[in-house]
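Source file: start11.csv; contents: CSV, C-alpha atoms.
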```
chain,number,residue,atom,x,y,z
C,1,MET,CA,0.0,0.0,0.0
C,2,SER,CA,1.6,3.2,-1.1
C,3,GLY,CA,-0.3,5.6,1.1
C,4,HIS,CA,-1.7,7.5,-1.8
C,5,SER,CA,-4.8,8.5,0.3
C,6,LYS,CA,-2.5,11.4,1.1
C,7,TRP,CA,-1.9,12.2,-2.6
C,8,SER,CA,-5.6,12.5,-3.2
C,9,THR,CA,-5.4,15.8,-1.3
C,10,ILE,CA,-2.7,17.0,-3.7
C,11,LYS,CA,-4.9,16.2,-6.6
C,12,ARG,CA,-7.7,18.3,-5.1
C,13,LYS,CA,-5.3,21.2,-4.6
C,14,LYS,CA,-4.4,21.2,-8.3
C,15,GLY,CA,-8.0,22.2,-9.0
C,16,ALA,CA,-8.4,24.4,-6.0
C,17,ASN,CA,-10.6,27.6,-6.2
C,18,ASP,CA,-9.3,31.0,-5.4
C,19,ALA,CA,-10.0,30.8,-1.7
C,20,ALA,CA,-8.1,27.5,-1.4
C,21,ARG,CA,-5.2,28.8,-3.5
C,22,ALA,CA,-5.0,31.8,-1.1
C,23,LYS,CA,-4.7,29.4,1.8
C,24,ILE,CA,-1.9,27.5,0.0
C,25,PHE,CA,0.0,30.7,-0.7
C,26,THR,CA,-0.3,31.7,3.0
C,27,LYS,CA,1.0,28.4,4.2
C,28,ILE,CA,3.9,28.5,1.8
C,29,GLY,CA,4.7,32.1,2.8
C,30,ARG,CA,5.1,30.9,6.4
C,31,GLU,CA,7.4,28.1,5.3
C,32,LEU,CA,9.5,30.6,3.3
C,33,ALA,CA,9.7,32.9,6.4
C,34,VAL,CA,10.9,30.0,8.6
C,35,ALA,CA,13.4,28.8,6.0
C,36,VAL,CA,14.9,32.3,5.5
C,37,LYS,CA,15.1,32.9,9.3
C,38,ASN,CA,16.9,29.5,9.9
C,39,GLY,CA,19.2,29.4,6.9
C,40,GLY,CA,19.3,32.8,5.1
C,41,PRO,CA,17.8,34.1,1.9
C,42,ASP,CA,20.0,32.4,-0.6
C,43,PRO,CA,18.5,29.1,-1.9
C,44,ASN,CA,21.9,28.2,-3.3
C,45,VAL,CA,23.2,27.7,0.2
C,46,ASN,CA,19.9,27.2,2.0
C,47,THR,CA,18.6,23.8,0.9
C,48,ARG,CA,15.4,24.1,2.9
C,49,LEU,CA,14.6,27.4,1.2
C,50,LYS,CA,15.3,25.8,-2.2
C,51,ASP,CA,12.9,23.0,-1.4
C,52,VAL,CA,10.1,25.5,-0.3
C,53,ILE,CA,10.6,27.5,-3.5
C,54,ALA,CA,10.2,24.3,-5.4
C,55,LYS,CA,7.1,23.5,-3.5
C,56,ALA,CA,5.7,26.9,-4.2
C,57,LYS,CA,6.2,26.4,-8.0
C,58,GLN,CA,4.6,22.9,-7.8
C,59,ASN,CA,1.6,24.6,-6.2
C,60,ASN,CA,1.4,27.2,-9.0
C,61,VAL,CA,2.5,30.1,-6.9
C,62,PRO,CA,3.4,32.9,-9.4
C,63,ASN,CA,7.1,33.9,-9.4
C,64,ASP,CA,6.1,37.5,-8.5
C,65,ASN,CA,4.4,36.2,-5.4
C,66,ILE,CA,7.4,34.1,-4.5
C,67,GLU,CA,9.6,37.2,-4.9
C,68,ARG,CA,7.4,39.2,-2.6
C,69,MET,CA,7.3,36.5,0.0
C,70,LEU,CA,11.1,36.3,-0.1
C,71,LYS,CA,11.5,40.1,0.3
C,72,LYS,CA,9.1,40.1,3.2
C,73,ALA,CA,10.9,37.2,4.9
C,74,SER,CA,14.3,38.8,4.3
C,75,GLY,CA,13.2,42.3,5.6
C,76,GLU,CA,13.8,43.8,9.0
C,77,GLY,CA,12.3,41.6,11.6
C,78,GLY,CA,11.1,39.1,9.0
C,79,GLY,CA,7.4,39.4,10.1
C,80,ALA,CA,5.9,37.0,12.7
C,81,ASP,CA,8.1,34.6,14.6
C,82,TYR,CA,6.7,31.1,13.8
C,83,GLU,CA,7.2,28.0,15.9
C,84,GLU,CA,7.2,24.5,14.3
C,85,ILE,CA,5.0,22.1,16.3
C,86,ILE,CA,3.9,18.5,15.6
C,87,TYR,CA,0.5,17.3,17.0
C,88,GLU,CA,-0.6,13.7,17.1
C,89,GLY,CA,-3.9,12.1,17.7
C,90,TYR,CA,-6.6,9.7,16.6
C,91,GLY,CA,-9.6,10.3,14.3
C,92,PRO,CA,-12.7,8.1,14.1
C,93,SER,CA,-12.3,4.4,14.6
C,94,GLY,CA,-8.6,4.9,15.5
C,95,VAL,CA,-7.3,6.5,12.4
C,96,ALA,CA,-3.8,7.8,13.2
C,97,VAL,CA,-3.2,11.5,12.4
C,98,VAL,CA,0.0,13.6,12.4
C,99,VAL,CA,-0.4,17.4,12.1
C,100,GLU,CA,2.5,19.7,11.2
C,101,ALA,CA,2.0,23.4,12.2
C,102,LEU,CA,3.7,26.7,12.0
C,103,THR,CA,2.3,29.1,14.5
C,104,ASP,CA,2.9,32.4,16.2
C,105,ASN,CA,0.5,31.5,19.0
C,106,ARG,CA,1.0,28.0,20.5
C,107,ASN,CA,-2.0,28.1,22.8
C,108,ARG,CA,-4.4,29.2,20.0
C,109,THR,CA,-3.2,26.5,17.6
C,110,ALA,CA,-3.3,23.7,20.2
C,111,ALA,CA,-6.9,24.6,21.2
C,112,GLU,CA,-8.0,24.6,17.5
C,113,VAL,CA,-6.3,21.3,16.8
C,114,ARG,CA,-7.8,19.7,19.9
C,115,HIS,CA,-11.2,21.1,18.8
C,116,TYR,CA,-10.9,19.5,15.3
C,117,PHE,CA,-10.0,16.1,16.8
C,118,ASP,CA,-12.9,16.3,19.3
C,119,LYS,CA,-15.4,17.4,16.7
C,120,ALA,CA,-14.6,14.3,14.6
C,121,GLY,CA,-15.1,12.0,17.5
C,122,GLY,CA,-11.3,11.5,18.0
C,123,ASN,CA,-8.8,12.8,20.5
C,124,MET,CA,-5.5,14.6,20.5
C,125,GLY,CA,-2.7,12.5,22.0
C,126,THR,CA,0.6,13.2,23.6
C,127,SER,CA,3.9,13.2,21.8
C,128,GLY,CA,4.7,9.8,20.5
C,129,SER,CA,1.2,8.5,20.8
C,130,VAL,CA,0.9,7.7,17.0
C,131,MET,CA,4.3,8.7,15.6
C,132,PHE,CA,5.5,5.1,16.0
C,133,MET,CA,3.2,4.1,13.2
C,134,PHE,CA,4.8,6.5,10.7
C,135,SER,CA,8.3,7.0,9.3
C,136,ARG,CA,9.8,10.2,7.9
C,137,GLN,CA,10.6,9.7,4.2
C,138,GLY,CA,11.1,11.8,1.1
C,139,VAL,CA,8.2,11.5,-1.4
C,140,ILE,CA,8.4,12.6,-5.0
C,141,LEU,CA,5.5,12.3,-7.4
C,142,VAL,CA,6.0,12.3,-11.1
C,143,GLU,CA,3.3,12.5,-13.8
C,144,LYS,CA,2.7,9.1,-15.5
C,145,GLU,CA,1.6,10.7,-18.7
C,146,GLU,CA,4.3,10.5,-21.4
C,147,THR,CA,6.7,9.0,-18.9
C,148,ASP,CA,8.7,5.9,-19.5
C,149,GLU,CA,8.2,3.8,-16.3
C,150,ASP,CA,11.4,1.7,-16.7
C,151,GLN,CA,13.6,4.6,-17.5
C,152,LEU,CA,12.2,6.7,-14.6
C,153,MET,CA,12.7,3.8,-12.2
C,154,LEU,CA,16.3,3.4,-13.3
C,155,ASP,CA,17.0,7.2,-13.1
C,156,ALA,CA,15.4,7.5,-9.7
C,157,LEU,CA,17.2,4.5,-8.2
C,158,ASP,CA,20.5,5.7,-9.8
C,159,ALA,CA,19.9,9.1,-8.2
C,160,GLY,CA,19.6,7.5,-4.7
C,161,ALA,CA,15.9,6.7,-4.4
C,162,THR,CA,14.9,3.9,-1.9
C,163,ASP,CA,11.7,2.7,-3.5
C,164,PHE,CA,9.6,3.1,-6.6
C,165,ILE,CA,5.8,2.7,-6.4
C,166,THR,CA,3.4,2.5,-9.5
C,167,ASP,CA,0.0,1.7,-8.1
C,168,ASP,CA,-1.5,5.2,-8.4
C,169,ALA,CA,-3.4,5.9,-11.6
C,170,ASP,CA,-1.9,9.3,-12.3
C,171,VAL,CA,1.6,9.4,-10.8
C,172,PHE,CA,4.7,7.4,-10.1
C,173,GLU,CA,5.7,7.6,-6.4
C,174,ILE,CA,9.4,7.7,-5.6
C,175,ARG,CA,10.6,7.3,-2.0
C,176,THR,CA,13.9,8.7,-0.7
C,177,GLU,CA,15.7,9.3,2.5
C,178,PRO,CA,14.3,12.5,4.0
C,179,GLY,CA,17.4,14.6,3.4
C,180,ASP,CA,17.8,13.4,-0.2
C,181,VAL,CA,14.4,14.5,-1.6
C,182,GLY,CA,15.6,17.9,-2.9
C,183,ALA,CA,18.7,16.6,-4.7
C,184,ILE,CA,16.8,13.7,-6.3
C,185,ARG,CA,14.0,16.0,-7.4
C,186,ASP,CA,16.6,18.3,-9.0
C,187,ASP,CA,18.2,15.4,-10.7
C,188,LEU,CA,14.9,14.1,-12.2
C,189,GLU,CA,13.8,17.6,-13.3
C,190,ALA,CA,17.1,18.1,-15.0
C,191,LYS,CA,16.3,14.9,-17.0
C,192,GLY,CA,13.0,16.4,-18.1
C,193,TYR,CA,10.6,14.5,-15.8
C,194,ALA,CA,7.4,16.4,-14.7
C,195,VAL,CA,7.5,16.5,-10.9
C,196,VAL,CA,4.1,17.1,-9.4
C,197,SER,CA,5.3,17.4,-5.8
C,198,SER,CA,8.3,16.7,-3.6
C,199,GLU,CA,8.4,16.8,0.2
C,200,GLU,CA,9.4,15.1,3.4
C,201,ALA,CA,6.4,13.1,4.5
C,202,TYR,CA,5.2,11.0,7.4
C,203,VAL,CA,4.4,7.7,5.7
C,204,PRO,CA,2.3,5.2,7.7
C,205,SER,CA,3.5,1.7,8.2
C,206,THR,CA,0.0,0.3,8.9
C,207,TYR,CA,-3.5,1.5,7.7
C,208,THR,CA,-7.0,1.7,9.1
C,209,ARG,CA,-9.9,1.1,6.9
C,210,LEU,CA,-13.2,2.9,7.7
C,211,GLU,CA,-16.4,1.1,6.8
C,212,ASN,CA,-18.9,3.3,8.6
C,213,GLU,CA,-20.3,6.2,6.5
C,214,ASP,CA,-20.5,8.5,9.5
C,215,ASP,CA,-16.9,7.8,10.4
C,216,MET,CA,-15.8,8.5,6.9
C,217,MET,CA,-17.8,11.8,6.8
C,218,LYS,CA,-16.3,12.9,10.1
C,219,MET,CA,-12.7,12.0,9.0
C,220,SER,CA,-13.1,13.8,5.7
C,221,ARG,CA,-14.5,16.9,7.5
C,222,MET,CA,-11.6,16.8,10.0
C,223,ILE,CA,-9.1,16.8,7.2
C,224,ASP,CA,-10.8,19.7,5.6
C,225,MET,CA,-10.8,21.7,8.9
C,226,PHE,CA,-7.1,21.1,9.3
C,227,GLU,CA,-6.4,22.1,5.7
C,228,GLU,CA,-8.5,25.3,6.1
C,229,ASN,CA,-6.4,26.4,9.2
C,230,ASP,CA,-3.6,28.8,8.3
C,231,ASP,CA,-1.4,27.4,11.1
C,232,VAL,CA,-1.6,23.8,9.8
C,233,GLN,CA,1.1,23.1,7.1
C,234,ALA,CA,0.3,19.4,6.5
C,235,ILE,CA,-1.8,16.6,7.8
C,236,TRP,CA,-0.8,12.9,7.5
C,237,HIS,CA,-3.0,10.0,8.3
C,238,ASN,CA,-3.4,6.2,7.8
C,239,TRP,CA,-7.0,6.2,6.5
C,240,GLU,CA,-6.7,3.4,3.9
C,241,ASN,CA,-9.8,4.0,1.8
C,242,ALA,CA,-9.8,7.8,1.8
C,243,ASP,CA,-9.7,7.8,-2.0
C,244,GLU,CA,-13.0,5.9,-2.1
C,245,TYR,CA,-15.0,8.4,-0.1
C,246,GLU,CA,-16.8,10.9,-2.2
C,247,GLY,CA,-18.9,12.6,0.4
```
Please re-express this file's structure in structure tokens.
Amino acid sequence: MSGHSKWSTIKRKKGANDAARAKIFTKIGRELAVAVKNGGPDPNVNTRLKDVIAKAKQNNVPNDNIERMLKKASGEGGGADYEEIIYEGYGPSGVAVVVEALTDNRNRTAAEVRHYFDKAGGNMGTSGSVMFMFSRQGVILVEKEETDEDQLMLDALDAGATDFITDDADVFEIRTEPGDVGAIRDDLEAKGYAVVSSEEAYVPSTYTRLENEDDMMKMSRMIDMFEENDDVQAIWHNWENADEYEG
């Protein structure tokens, strides 16, 4: 199981409306600010910043917007001071959830995250309560259309990839060590491959299948609430049949 229930959210974002795109731009702006603060404004020496710029382009953020975000992040004070926090918990029927956040108000974000878990019939846990079910990996998605599978697999493995997964209908999924994702993405793009996304992800080792319609509705709504929150950068879960729910 490749875990492509997560990738269905990426597909939704590709067709996002203006309001959803604005949310994505806001989240990426925060990531840029943190990357600049921690490693400086030059992507040639700040690999994290280079990866966030690549993410911005993959999410169709215009170059002008990226430049404005960089200037704001590099200015005096650099705007708000964001803290990186990981939240863990369980959704309906024991679905494991990991939430990555960047916040300038820890108490506000914790209260909102707890509210989303509670509203879905789940609960927010302590550090380590679900993380043992996930591993940190680099994940690169490449468009299947007009891509030679055998050649891509050879190129990816030659570049240092650890796994190559083909079971998604639209994309090839390449797994890497977390710190290698940027270099392997750059290598594949230089060879002409269409990279849809590249990021460090929390990949589940086991999955939970929801059979109850009410549980699926609550889980889907919980994911939406997290994604609509400006403080939440990413949500990872082990809901096996998320792709099948169309509520």
Sphere at (-10.5, 8.0, 13.1), radius 10 Å, counting all atoms listed in the file: residues as a ChimeraX atom specification: /C:89-97,117,120-123,208-210,215-216,218-220,222,237-239
Could you build a table of the residues in region 49-74 of chain C lying no more than 12 Å from region 175-186 of chain C, giving for each the nearest pair of atoms and their separation in Å rounded to one decimal place, using only C-alpha atoms, ordered by chain and ascending residue number, as CSV?
```
residue,atom,partner,partner_atom,distance
C:Leu49,CA,C:Gly182,CA,10.4
C:Lys50,CA,C:Gly182,CA,7.9
C:Asp51,CA,C:Gly182,CA,6.0
C:Val52,CA,C:Gly182,CA,9.7
C:Ile53,CA,C:Gly182,CA,10.8
C:Ala54,CA,C:Gly182,CA,8.7
C:Lys55,CA,C:Gly182,CA,10.2
C:Gln58,CA,C:Arg185,CA,11.7
```
Please return, as a list in words, all polymer residues that have at least one atom within 7 Å of the point (6.4, 18.4, -1.7); use all atoms listed in the file and the file's own coordinate frame. Lys55, Ile140, Ser197, Ser198, Glu199 and Glu200 of chain C
Between CA of Ala201 (chain C) and CA of Glu149 (chain C), what distance in Å does the model show, to one decimal? 22.9 Å
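Candidate residues C:Tyr207, C:Phe164, C:Tyr87, C:Tyr193 were compared for distance to Ile235 (chain C), and the nearest is C:Tyr87, using only C-alpha atoms.
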From C:Met225, C:Ala190, C:Ala242, C:Val232, residue lying nearest Glu211 (chain C) [only C-alpha atoms]: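 Selected residue with least distance to Glu211 (chain C): C:Ala242.
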So which one's closest to Arg30 (chain C), C:Asp230, C:Asp224, C:Asp214, C:Asp170? Using only C-alpha atoms, please.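 Smallest distance to Arg30 (chain C) is found for C:Asp230.
Counting from CA of Lys27 (chain C), the distance to CA of Ala110 (chain C) is 17.2 Å.
Interatomic distance, CA of Lys37 (chain C) against CA of Tyr82 (chain C): 9.7 Å.
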For Val130 (chain C), the nearest of the candidates C:Thr147, C:Thr206, C:Thr162, C:Asn65, counting only C-alpha atoms: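 Selected residue with least distance to Val130 (chain C): C:Thr206.
Checking C:Tyr116, C:Tyr245, C:Phe172, C:Trp236 one by one against Pro204 (chain C), counting only C-alpha atoms, you find the shortest gap at C:Trp236.
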Which one is closest to Phe132 (chain C): C:Thr166, C:Gln151, C:Ser205, C:Asn60? Count all atoms listed in the file.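 Among the listed residues, the smallest separation from Phe132 (chain C) belongs to C:Ser205.
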